[in-house]
Amino acid sequence: MTWLDDSAWRYFWHPVCTLSELDAAAAESRPLAVTLLGEPIVVAAIAGTVAAFPDRCIHRSTRLTVGSVEAGGLRCAYHGWLYDAEGACVEIPAMPDYTIPSSFRLRRIEAEVAYDLVWLRLEAGAETRIPGCPAWGDAAFRCVQGKPYTWPTSAGRRLENFVDLAHFPFVHDGSLGDRRHTAVPIAETARVGGELRFRFEPEPDMDLPDVALMAPTAYRLWMPFTVNLELFFPDGERGQLWMTASPVESGTCRSFWFTSRTADRDGDDRPHLDFQDLVLSEDLPVIEAQDPPEIPGPGGEKSVPTDAVSLAYRRWLRELSAAAEKGPAEVARSLSSDERPRQTSP
């Protein structure tokens with residue numbers, strides 16, 4: 001086991017695909033193969049509901065993702081066993097008159113749709129909720145979904161990169177930052193209702209170039225892997241960028257994201273998506289060069305005061321990981337541990 005017990009993340013909701021990806025599979029009468037926390041899963045649209053199960057037929061262990069979706073359910077490609085939306089086997093073609101035992105059923109994995117994404121939770125009991133997405137459904141914003149991407153890094157590393165300002169002048173020189181301006185503010189963090197909240201405020205006398213993304217910015221980080229930043233521009237307009245990193249397996253995550261704006265709501269979305277694609281293309285080479293891809297344990301890396309957000313985040317990850325060893329009630333208790341604003345020392 002690593003310093004973080006990954007079993008903690010089984011109590012949380014994670015997106016595994018877009019609704020459009022599931023719809024495309026359904027149009028071809030096929031299920032969708034996904035992986036969450038190293039577990040192969042089959043997702044299918046059955047009888048108007050989204051169903052998810054371990055990707056293994058209970059008969060002879062063939063992957064159900066090579067099967068098909070029919071009006072009556074999910075059919076295994078090997079012997080044709082048919083499973084309904086609840087996971088119960090309802091047909092065994094080789095024995096049409098056989099009374100199928102109630103124990104012949106797949107383990108159903110909780111599935112929900114939110115923000116046009118399919119979310120799964122592998123373990124219940126901790127009373128966790130799907131993270132918020134503030135711009136979704138807010139008439140003041142135009143909310144645009146970006147293309148999901150899979151990176152060879154952990155969900156925690158991806159999240160840290162998203163909230164790190166100190167890398168802007170070096171990784172994003174000319175897009176988000178400027179190497180002539182490397183100093184960044186140190187944020188105070190607070191825990192509020194399962195979120196880590198913080199703001200970055202530029203110093204009043206800072207001579208910032210136009211490329212520097214240093215407007216007042218408020219962050220909401222839903223533990224463990226979802227974050228939203230909101231920018232407050234001088235003209236009163238606002239922008240939001242939302243991202244959640246889904247832990248596919250150790251060292252791999254798939255990120256889902258939205259870019260939202262109050263300005264030019266009827267304008268072309270492409271420039272906004274293209275800019276984010278540029279930023280991601282700048283981030284990827286340094287992210288995939290981090291070794292190990294998982295966040296190392298305490299003492300494994302040196303930190304300075306500008307790492308205050310990362311340090312507060314890692315401390316809460318450690319607490320949630322330790323809580324999972326005691327059960328879902330402890331995970332829920334850690335999530336509810338509100339905390340006043342503070343700066344975390346390295």
# chains A, B, ... in the order shown; residues from 1 in each chain; ligands from 1

$ residues_around --residues "Pro101 in chain A" --least-positions-apart "3" --cutoff "9 Å" --atoms "only C-alpha atoms" --output "tab-separated table (two decimals) with C-alpha atoms, in the first residue's frame"
chain	number	residue	atom	x	y	z
A	89	CYS	CA	-29.73	-12.71	-14.91
A	104	PHE	CA	-27.31	-15.18	-10.38
A	105	ARG	CA	-26.75	-11.46	-10.61

$ closest_atom_pairs --of "range 112-216 of chain A" --to "range 293-311 of chain A" --cutoff "7 Å" --atoms "only C-alpha atoms" --output "tab-separated table"
residue	atom	partner	partner_atom	distance
A:Thr153	CA	A:Pro293	CA	4.8
A:Ser154	CA	A:Glu294	CA	5.3
A:Gly156	CA	A:Ile295	CA	6.7
A:Arg157	CA	A:Ile295	CA	6.2
A:Glu160	CA	A:Ser310	CA	6.2
A:Ile186	CA	A:Thr306	CA	5.2
A:Ala187	CA	A:Ala308	CA	6.6
A:Thr189	CA	A:Val309	CA	6.6

$ select_by_dssp --residues "range 72-282 of chain A" --states "alpha helix (DSSP H)" --output "ChimeraX atom specification"
/A:155-162,168-171,270-282

$ closest_residue --among "A:Val42, A:Leu280, A:Cys133, A:Val286" --to "Trp242 in chain A" --atoms "only C-alpha atoms"
A:Cys133

$ atom_distance --atom1 "CA of Asp266 in chain A" --atom2 "CA of Arg142 in chain A"
8.1 Å

$ residues_around --residues "Val331 in chain A" --least-positions-apart "6" --cutoff "10 Å" --atoms "only C-alpha atoms" --output "VMD selection string"
chain A and resid 8 to 9 11 to 12 125 to 128 319 to 325

$ residues_around --residues "Thr182 in chain A" --least-positions-apart "4" --cutoff "10 Å" --atoms "only C-alpha atoms" --output "list in words"
Leu165, Ala166, His167, Phe168, Pro169, Phe170, Gly177 and Asp178 of chain A

$ select_by_dssp --residues "range 186-307 of chain A" --states "strand (DSSP E)" --output "compact mmCIF listing (two decimals) with C-alpha atoms, in the first residue's frame"
# COMPACT_ATOMS: atom_id res chain seq x y z
CA THR A 189 -7.09 27.97 2.71
CA ALA A 190 -10.30 27.01 4.49
CA ARG A 191 -12.34 23.81 4.70
CA VAL A 192 -16.04 24.33 4.10
CA GLU A 195 -14.42 21.75 -0.03
CA LEU A 196 -11.01 23.36 0.21
CA ARG A 197 -11.54 27.06 -0.57
CA PHE A 198 -8.98 29.76 -1.27
CA ARG A 199 -8.42 32.94 -3.27
CA PHE A 200 -5.52 34.49 -5.14
CA THR A 217 -9.55 34.30 -8.55
CA ALA A 218 -11.69 32.21 -6.19
CA TYR A 219 -11.17 28.47 -6.01
CA ARG A 220 -13.49 25.74 -4.75
CA LEU A 221 -11.87 22.31 -4.51
CA TRP A 222 -14.28 19.44 -3.83
CA THR A 226 -12.64 18.27 -8.50
CA VAL A 227 -11.93 22.00 -8.71
CA ASN A 228 -13.56 25.17 -10.02
CA LEU A 229 -11.88 28.53 -10.40
CA GLU A 230 -13.77 31.77 -10.94
CA LEU A 231 -12.08 34.85 -12.37
CA PHE A 232 -13.37 38.34 -11.60
CA ARG A 238 -16.60 36.58 -14.90
CA GLY A 239 -15.13 33.35 -16.17
CA GLN A 240 -15.02 29.87 -14.71
CA LEU A 241 -12.93 26.81 -15.42
CA TRP A 242 -14.06 23.49 -13.91
CA MET A 243 -12.15 20.22 -13.95
CA THR A 244 -12.42 16.82 -12.32
CA ALA A 245 -9.67 14.22 -12.57
CA SER A 246 -11.07 10.69 -12.54
CA PRO A 247 -8.61 8.10 -11.15
CA VAL A 248 -8.49 5.44 -13.86
CA GLU A 249 -5.72 3.45 -12.17
CA THR A 252 -3.37 7.40 -14.89
CA CYS A 253 -6.31 9.77 -14.77
CA ARG A 254 -8.95 11.04 -17.18
CA SER A 255 -9.96 14.67 -16.86
CA PHE A 256 -13.37 16.12 -17.68
CA TRP A 257 -13.76 19.89 -17.92
CA PHE A 258 -15.89 22.92 -18.74
CA THR A 259 -14.99 26.49 -19.62
CA SER A 260 -17.67 29.07 -18.82
CA ARG A 261 -18.07 32.80 -19.35

$ closest_residue --among "A:Trp316, A:Tyr98, A:Phe141, A:Trp81" --to "His59 in chain A" --atoms "only C-alpha atoms"
A:Trp81

$ residues_around --residues "range 270-273 of chain A" --least-positions-apart "3" --cutoff "8 Å" --atoms "only C-alpha atoms" --output "list in words"
Gly146, Thr259, Gln276 and Asp277 of chain A

$ write_last_selection --atoms "N, CA, C and O atoms" --output "short mmCIF file (atom, residue, chain, number, x, y, z; two decimals), in the first residue's frame"
data_model
loop_
_atom_site.label_atom_id
_atom_site.label_comp_id
_atom_site.auth_asym_id
_atom_site.auth_seq_id
_atom_site.Cartn_x
_atom_site.Cartn_y
_atom_site.Cartn_z
N GLY A 146 -15.40 20.76 -22.65
CA GLY A 146 -14.21 20.46 -23.42
C GLY A 146 -14.06 18.96 -23.64
O GLY A 146 -14.75 18.15 -23.02
N THR A 259 -15.37 25.09 -19.68
CA THR A 259 -14.99 26.49 -19.62
C THR A 259 -16.27 27.31 -19.74
O THR A 259 -17.13 27.02 -20.58
N GLN A 276 -7.65 26.74 -23.99
CA GLN A 276 -7.45 25.71 -22.98
C GLN A 276 -6.62 24.55 -23.53
O GLN A 276 -5.79 23.98 -22.82
N ASP A 277 -6.83 24.21 -24.80
CA ASP A 277 -6.02 23.16 -25.42
C ASP A 277 -4.55 23.56 -25.45
O ASP A 277 -3.66 22.72 -25.25
#

$ atom_distance --atom1 "CA of Ala88 in chain A" --atom2 "CA of Ser103 in chain A"
8.1 Å

$ residues_around --residues "Arg75 in chain A" --least-positions-apart "6" --cutoff "10 Å" --atoms "only C-alpha atoms" --output "list in words"
Arg30, Pro31, Cys57, Leu64, Thr65, Val66, Gly67, Ser68, Val69, Trp81, Leu82, Tyr83, Asp84, Cys89, Glu91 and Ile92 of chain A

$ write_last_selection --atoms "C-alpha atoms" --output "PDB file, in the first residue's frame"
ATOM      1  CA  ARG A  30     -23.105  -1.857 -27.465  1.00  0.00           C
ATOM      2  CA  PRO A  31     -21.957  -1.251 -23.900  1.00  0.00           C
ATOM      3  CA  CYS A  57     -19.964 -12.348 -16.755  1.00  0.00           C
ATOM      4  CA  LEU A  64     -19.407  -8.063 -20.866  1.00  0.00           C
ATOM      5  CA  THR A  65     -18.097  -5.132 -22.888  1.00  0.00           C
ATOM      6  CA  VAL A  66     -17.719  -7.443 -25.893  1.00  0.00           C
ATOM      7  CA  GLY A  67     -21.432  -8.242 -25.643  1.00  0.00           C
ATOM      8  CA  SER A  68     -24.449  -6.245 -26.783  1.00  0.00           C
ATOM      9  CA  VAL A  69     -27.263  -4.123 -25.375  1.00  0.00           C
ATOM     10  CA  TRP A  81     -26.760 -14.807 -20.674  1.00  0.00           C
ATOM     11  CA  LEU A  82     -28.944 -11.707 -20.367  1.00  0.00           C
ATOM     12  CA  TYR A  83     -28.814  -9.263 -17.447  1.00  0.00           C
ATOM     13  CA  ASP A  84     -31.414  -6.596 -16.688  1.00  0.00           C
ATOM     14  CA  CYS A  89     -29.730 -12.707 -14.912  1.00  0.00           C
ATOM     15  CA  GLU A  91     -32.295 -15.415 -19.493  1.00  0.00           C
ATOM     16  CA  ILE A  92     -30.015 -18.414 -20.068  1.00  0.00           C
TER      17      ILE A  92
END

$ atom_distance --atom1 "CA of Arg10 in chain A" --atom2 "CA of Met223 in chain A"
12.5 Å
